[in-house]
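So the structure is just underneath, and the comments pick up after that.
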Amino acid sequence: MGFRDDFLWGGAVAANQVEGAWNVDGKGMSVADVASYNPNAGNDYRKQVAVDSKKVEEAIKDQSDTFYPKRRGIDMYHRYKEDIKLFAEMGFKVFRFSIAWTRLFPTGEETKPNPKGVAYYQDVIAELRKYGIEPLVTLSHYEMPLNLAVKYNGWADKRVIDDFTRFAKVCFESFSDVKYWLTFNEIDSVTRHPFISAGIIPDRSDNLEQDEYQALHNQFVASSIVTKMCHEMIPGSQVGCMLTKLTTYPATAKPEDVLAAFNKNTMNYYCADVQVKGRYPKLVLDFFKKNGIKLDATEEELKLLRENTVDFISFSYYMSLLAAGDESGLEMTSGNTVVGGKNPYLPTTEWGWTVDPVGLRISLLELYDRYEKPLFVVENGMGTKDVLNADGTIHDDYRINYFKQHFSEMKKAVDAGVDLLGYTSWAPIDLISASTSQMSKRYGFIYVDIDDNGDGTKKRYKKDSFYWYRDVIANNGKEL
Ligand code: BG6
């Protein structure tokens, strides 16, 4: 028993959190280039990114990276060879990264791609292949062209589907040896942070909730179109959906609390239901009806959804929360852009995210039981402050402990029969936080010497967890 022999161990990043070089070689502005440094945002997702028209205008005028850390990232654009070499040293079998749409189509509306953008990702993939590392490519990870957000209010408008399809086609043509693809990162997050996930500028919406669900529908349609295209253009390719697995427990055994948890989990599953089963769940359609949400969904689109479901289910797992019928008595906490009840049995990270390794096992079992499709954990990790010692070491035993516990639960899920393709940690190297744009919230096995102001040598250092993960990969998780 244990992990399959060809288990894909590795790490995951997103272009906008690592590359930097935001205006280099013809790249256009993306929604990520508007996200300003916001350490106090906590997990109040509505505060986490620049979400009003005024902030967008200010960001367009300010062409420096002073207040916009994602514009500088960790300079992986120029250092990818060095970084991939370090991943190879850990023995990575897979590396998950995203393609910045704006490197290929700076405004999203060009008819031909920017050759420099295409060449860049071809080089990255060639470098991975040099070490036998399988690329796992996310087409859309919080970085759509800003132009499409400003002009159409993002994915709320169906015209964006064509722009995305054109972008995806170029990706399949240009990176045709890539087998594993994900369409939209944490697709369900559109209703939590509509700007970075779908380019919706909330003050431009007359009915924000309606626009969010319409944007989601448009992404489902786009996802089916490109899934079909990928299967046709790259024989043997595998396309996955990507869900934020927000595991919710009832706060007590009270039936009202159990019901509250059921409702939260049902809404969390709904995107995967559409992408895996090819149809909207009835309870969700009823929810739309009751809340006055009218989807513009044609018969042809629903057919596309039915006929082009995904091959595997990928998800991020960071934490779990509690729900109650009456939340007034609950101590609240937050994490990964959701707020919920704090579990008295579990610790939290410095950023308040609940650490729940058993929740990963529960999530794997639930997902597999519900869909009976191969699963892929494509994000899991712990954001902490790390200390770089004078001798260049970083002693992050807390991170080793976190992963050890999660891998042990993952192994138990596999032993129980879950078909798990692989695991990519978030993130193998320190990067800019998606929610707060902090550099000091560090996730990596590799430390990057840059601070929140962007100062530092950019030098990479191996943390203690680097060597530990290398050993885990070498023995395929047999010894943790
Ligand atoms: C996931 C996102 O939700 O959480 C990543 O897909 C993100 O982009 C990760 O970085 C961790 O969140 P944060 O806000 O700590 O960077």
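Labels for the structure tokens follow display order: chains A, B, ..., residues from 1 in each chain, ligands from 1.
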Practice prompt. List all protein, DNA and RNA residues that have at least one atom no more than 8 Å from any atom of ligand 1, counting only C-alpha atoms and all ligand atoms, and write them as number ranges by chain.
Written response: A: 13-14, 17, 141-142, 185-186, 244, 316, 318, 336-337, 379, 381, 383, 426-427, 431-437, 441
Since we have the selection now, will you write its residues out, keeping N, CA, C and O atoms, as a compact mmCIF listing (two decimals), in the first residue's frame?
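Here's the written file result36.txt:
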```txt
# COMPACT_ATOMS: atom_id res chain seq x y z
N VAL A 13 3.01 27.03 -8.07
CA VAL A 13 3.06 28.51 -7.98
C VAL A 13 2.10 29.08 -9.01
O VAL A 13 1.56 28.37 -9.85
N ALA A 14 1.90 30.40 -8.93
CA ALA A 14 1.13 31.10 -9.96
C ALA A 14 2.02 32.19 -10.54
O ALA A 14 2.80 32.81 -9.80
N GLN A 17 2.45 35.59 -8.82
CA GLN A 17 3.03 35.64 -7.48
C GLN A 17 4.54 35.40 -7.49
O GLN A 17 5.20 35.58 -6.48
N HIS A 141 -4.98 31.74 -13.34
CA HIS A 141 -4.78 31.78 -11.88
C HIS A 141 -4.73 33.24 -11.43
O HIS A 141 -3.66 33.80 -11.26
N TYR A 142 -5.87 33.87 -11.30
CA TYR A 142 -5.97 35.24 -10.77
C TYR A 142 -5.16 36.27 -11.56
O TYR A 142 -4.54 37.16 -10.97
N ASN A 185 -8.09 28.31 -11.65
CA ASN A 185 -7.70 28.09 -10.27
C ASN A 185 -8.85 28.43 -9.32
O ASN A 185 -9.48 29.48 -9.45
N GLU A 186 -9.11 27.57 -8.37
CA GLU A 186 -10.13 27.83 -7.33
C GLU A 186 -11.33 28.55 -7.92
O GLU A 186 -11.70 29.66 -7.51
N THR A 244 -11.44 25.09 -4.38
CA THR A 244 -10.94 25.40 -3.03
C THR A 244 -11.71 24.47 -2.09
O THR A 244 -12.92 24.62 -1.94
N SER A 316 -7.28 22.74 -3.69
CA SER A 316 -6.39 23.27 -2.66
C SER A 316 -7.00 22.91 -1.32
O SER A 316 -8.22 22.88 -1.16
N TYR A 318 -6.25 23.89 2.73
CA TYR A 318 -5.46 24.58 3.74
C TYR A 318 -5.98 24.40 5.15
O TYR A 318 -5.22 24.37 6.11
N ASN A 336 -7.80 31.56 4.07
CA ASN A 336 -8.06 31.38 2.65
C ASN A 336 -9.37 32.05 2.19
O ASN A 336 -10.21 31.42 1.55
N THR A 337 -9.53 33.28 2.59
CA THR A 337 -10.63 34.16 2.18
C THR A 337 -12.02 33.71 2.64
O THR A 337 -13.01 34.13 2.08
N GLU A 379 -2.56 22.23 -4.04
CA GLU A 379 -2.12 23.28 -3.12
C GLU A 379 -2.37 22.83 -1.70
O GLU A 379 -3.47 22.36 -1.38
N GLY A 381 -0.23 23.94 2.24
CA GLY A 381 1.00 24.46 2.82
C GLY A 381 0.68 25.44 3.92
O GLY A 381 -0.47 25.68 4.26
N GLY A 383 1.70 29.28 5.58
CA GLY A 383 2.38 30.57 5.48
C GLY A 383 2.86 31.01 6.86
O GLY A 383 2.06 31.14 7.77
N TRP A 426 1.98 24.11 -1.79
CA TRP A 426 1.98 25.56 -1.99
C TRP A 426 2.84 26.14 -0.91
O TRP A 426 2.50 26.02 0.24
N ALA A 427 3.87 26.73 -1.24
CA ALA A 427 4.53 26.75 -2.53
C ALA A 427 5.96 26.26 -2.28
O ALA A 427 6.42 26.36 -1.17
N LEU A 431 6.96 33.24 -2.01
CA LEU A 431 6.40 34.08 -3.08
C LEU A 431 5.50 35.15 -2.48
O LEU A 431 5.34 35.21 -1.25
N ILE A 432 4.92 35.96 -3.32
CA ILE A 432 4.04 37.04 -2.85
C ILE A 432 2.68 36.44 -2.51
O ILE A 432 2.10 35.71 -3.32
N SER A 433 2.16 36.79 -1.34
CA SER A 433 0.86 36.26 -0.92
C SER A 433 -0.25 36.75 -1.85
O SER A 433 -0.30 37.93 -2.22
N ALA A 434 -1.14 35.83 -2.20
CA ALA A 434 -2.25 36.21 -3.09
C ALA A 434 -3.17 37.20 -2.40
O ALA A 434 -3.63 38.17 -3.00
N SER A 435 -3.43 37.00 -1.11
CA SER A 435 -4.43 37.84 -0.45
C SER A 435 -3.89 39.16 0.06
O SER A 435 -4.56 40.18 -0.06
N THR A 436 -2.70 39.15 0.64
CA THR A 436 -2.22 40.39 1.27
C THR A 436 -1.02 41.01 0.54
O THR A 436 -0.57 42.08 0.92
N SER A 437 -0.51 40.33 -0.46
CA SER A 437 0.67 40.77 -1.20
C SER A 437 1.91 40.90 -0.30
O SER A 437 2.84 41.64 -0.61
N LYS A 441 4.89 36.42 4.45
CA LYS A 441 4.10 35.22 4.69
C LYS A 441 4.71 34.12 3.80
O LYS A 441 4.37 33.99 2.64
```
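Residue neighbourhood of Asn343 of chain A, excluding near-sequence residues (fewer than 5 positions): Tyr249, Ala251, Ser320, Leu321, Leu322, Glu331, Met332, Thr333 and Thr354 of chain A, at 9 Å, using only C-alpha atoms.
Of note, atom CA of Val56 of chain A and atom CA of Ala15 of chain A are spaced 20.3 Å apart.
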Item to complete: Give me the residues within 6 Å of Ile293 of chain A as a ChimeraX atom specification, counting only C-alpha atoms and dropping any in the same chain fewer than 2 places off.
Response: /A:210,288,291
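Checking A:Phe175, A:Lys462, A:Leu86, A:Gly2 one by one against Ala413 of chain A, counting only C-alpha atoms, you find the shortest gap at A:Gly2.
Summary of the local environment: counting only C-alpha atoms, residues at most 8 Å from segment 197-209 of chain A, other than itself and those fewer than 2 positions away along its chain, are Val31, Val51, Asp52, Ser53, His141, Tyr142, Glu143, Met144, Leu146, Leu148, Ala149, Val150, Asn153, Gly154, Trp155, Ala156, Ile187, Ser189, Val190, Thr191, His193, Pro194, Phe195, Asp211, Glu212, Tyr213, Ala215 and Ile293 of chain A.
Our summary of the geometry notes that atom CA of Phe164 of chain A is positioned 24.1 Å from atom CA of Phe376 of chain A.
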Worksheet item: So which residues touch Leu421 of chain A within 7 Å, counting only C-alpha atoms, skipping near sequence neighbours fewer than 6 positions away, as a PyMOL selection string?
Response: chain A and resi 7-8+374-376
Output N, CA, C and O atoms of each residue in that selection to a file, as a short mmCIF file (atom, residue, chain, number, x, y, z; two decimals), in the first residue's frame.
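Now in out-v7.cif:
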```cif
data_model
loop_
_atom_site.label_atom_id
_atom_site.label_comp_id
_atom_site.auth_asym_id
_atom_site.auth_seq_id
_atom_site.Cartn_x
_atom_site.Cartn_y
_atom_site.Cartn_z
N PHE A 7 3.60 8.32 -8.47
CA PHE A 7 3.00 9.45 -7.77
C PHE A 7 3.77 10.74 -8.11
O PHE A 7 5.00 10.77 -8.09
N LEU A 8 2.99 11.79 -8.42
CA LEU A 8 3.63 13.03 -8.86
C LEU A 8 3.84 13.98 -7.67
O LEU A 8 2.94 14.73 -7.29
N PRO A 374 -10.08 10.42 -10.44
CA PRO A 374 -8.76 10.65 -9.83
C PRO A 374 -8.66 12.05 -9.23
O PRO A 374 -9.21 13.00 -9.77
N LEU A 375 -7.95 12.14 -8.10
CA LEU A 375 -7.79 13.42 -7.41
C LEU A 375 -6.34 13.87 -7.48
O LEU A 375 -5.42 13.05 -7.67
N PHE A 376 -6.13 15.16 -7.32
CA PHE A 376 -4.77 15.73 -7.32
C PHE A 376 -4.78 16.86 -6.30
O PHE A 376 -5.56 17.81 -6.45
#
```
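Between atom CA of His78 of chain A and atom CA of Glu19 of chain A lies a distance of 7.8 Å.
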Worksheet item: Got a sec: who's within 9 Å of segment 232-241 of chain A, counting only C-alpha atoms, leaving out chain neighbours fewer than 4 positions off, as a PyMOL selection string?
Response: chain A and resi 169+172-173+176-187+223+227-228+271-272+275-276+309-315+375-376
Would you mind exporting the chosen residues as a short mmCIF file (atom, residue, chain, number, x, y, z; two decimals), in the first residue's frame, restricted to N, CA and C atoms?
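Output below, filename out30.cif:
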```
data_model
loop_
_atom_site.label_atom_id
_atom_site.label_comp_id
_atom_site.auth_asym_id
_atom_site.auth_seq_id
_atom_site.Cartn_x
_atom_site.Cartn_y
_atom_site.Cartn_z
N LYS A 169 -6.16 28.16 -26.96
CA LYS A 169 -5.78 27.47 -28.20
C LYS A 169 -4.29 27.66 -28.48
N PHE A 172 -2.33 25.41 -26.18
CA PHE A 172 -2.32 23.99 -26.58
C PHE A 172 -1.43 23.78 -27.82
N GLU A 173 -1.44 24.79 -28.72
CA GLU A 173 -0.58 24.68 -29.92
C GLU A 173 0.89 24.80 -29.55
N SER A 176 2.43 21.89 -26.70
CA SER A 176 1.64 20.71 -27.03
C SER A 176 2.15 19.42 -26.40
N ASP A 177 3.31 19.50 -25.72
CA ASP A 177 3.77 18.28 -25.05
C ASP A 177 3.33 18.24 -23.59
N VAL A 178 2.53 19.24 -23.18
CA VAL A 178 2.06 19.23 -21.79
C VAL A 178 0.84 18.32 -21.68
N LYS A 179 0.90 17.41 -20.74
CA LYS A 179 -0.19 16.44 -20.59
C LYS A 179 -1.25 16.92 -19.60
N TYR A 180 -0.82 17.53 -18.48
CA TYR A 180 -1.78 17.88 -17.42
C TYR A 180 -2.11 19.38 -17.43
N TRP A 181 -3.40 19.68 -17.51
CA TRP A 181 -3.86 21.08 -17.54
C TRP A 181 -4.96 21.31 -16.52
N LEU A 182 -4.97 22.52 -15.96
CA LEU A 182 -6.09 22.96 -15.11
C LEU A 182 -6.67 24.20 -15.78
N THR A 183 -7.97 24.35 -15.76
CA THR A 183 -8.55 25.52 -16.44
C THR A 183 -8.56 26.75 -15.52
N PHE A 184 -9.38 26.77 -14.48
CA PHE A 184 -9.46 27.94 -13.60
C PHE A 184 -9.08 27.59 -12.18
N ASN A 185 -8.09 28.31 -11.65
CA ASN A 185 -7.70 28.09 -10.27
C ASN A 185 -8.85 28.43 -9.32
N GLU A 186 -9.11 27.57 -8.37
CA GLU A 186 -10.13 27.83 -7.33
C GLU A 186 -11.33 28.55 -7.92
N ILE A 187 -11.95 27.90 -8.89
CA ILE A 187 -13.02 28.54 -9.66
C ILE A 187 -14.13 29.09 -8.74
N SER A 223 -14.45 26.70 -19.74
CA SER A 223 -13.70 25.53 -19.31
C SER A 223 -14.07 24.31 -20.15
N THR A 227 -11.62 22.34 -22.62
CA THR A 227 -11.38 20.92 -22.29
C THR A 227 -11.52 20.09 -23.57
N LYS A 228 -12.57 20.40 -24.33
CA LYS A 228 -12.81 19.69 -25.60
C LYS A 228 -11.62 19.92 -26.55
N CYS A 271 -19.37 23.98 -7.80
CA CYS A 271 -18.59 24.18 -9.04
C CYS A 271 -18.03 22.84 -9.54
N ALA A 272 -17.51 22.05 -8.60
CA ALA A 272 -16.99 20.75 -9.01
C ALA A 272 -18.13 19.88 -9.55
N GLN A 275 -18.57 20.84 -13.10
CA GLN A 275 -17.46 20.46 -13.97
C GLN A 275 -17.21 18.96 -14.05
N VAL A 276 -17.63 18.24 -13.03
CA VAL A 276 -17.40 16.79 -13.05
C VAL A 276 -18.64 16.05 -13.55
N THR A 309 -16.83 17.12 -19.60
CA THR A 309 -16.49 17.15 -18.17
C THR A 309 -14.98 16.90 -18.01
N VAL A 310 -14.51 17.13 -16.79
CA VAL A 310 -13.06 17.04 -16.58
C VAL A 310 -12.61 15.59 -16.33
N ASP A 311 -11.30 15.39 -16.50
CA ASP A 311 -10.74 14.04 -16.33
C ASP A 311 -10.35 13.75 -14.89
N PHE A 312 -9.98 14.81 -14.16
CA PHE A 312 -9.61 14.61 -12.76
C PHE A 312 -9.97 15.85 -11.97
N ILE A 313 -9.95 15.70 -10.66
CA ILE A 313 -10.34 16.81 -9.78
C ILE A 313 -9.12 17.25 -8.99
N SER A 314 -8.77 18.51 -9.15
CA SER A 314 -7.67 19.00 -8.32
C SER A 314 -8.26 19.98 -7.32
N PHE A 315 -7.56 20.14 -6.23
CA PHE A 315 -8.07 21.07 -5.22
C PHE A 315 -6.96 21.59 -4.32
N LEU A 375 -7.95 12.14 -8.10
CA LEU A 375 -7.79 13.42 -7.41
C LEU A 375 -6.34 13.87 -7.48
N PHE A 376 -6.13 15.16 -7.32
CA PHE A 376 -4.77 15.73 -7.32
C PHE A 376 -4.78 16.86 -6.30
#
```
Worksheet item: segment 3-234 of chain A: which residues are alpha helix (DSSP H) by DSSP, as a ChimeraX atom specification?
Response: /A:15-18,53-61,76-89,101-104,115-130,146-152,159-174,194-198,208-233
Discussion item. Using DSSP secondary structure from the backbone, list all strand (DSSP E or B) positions within segment 69-263 of chain A, as a PyMOL selection string.
Written reply: chain A and resi 94-98+134-140+145+180-184+238-244+247-250
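Excluding Gly132 of chain A and any residue on its chain fewer than 3 positions from it, the residues at most 10 Å away by only C-alpha atoms are Ala88, Gly91, Phe92, Lys93, Val94, Ala126, Glu127, Leu128, Arg129 and Pro135 of chain A.
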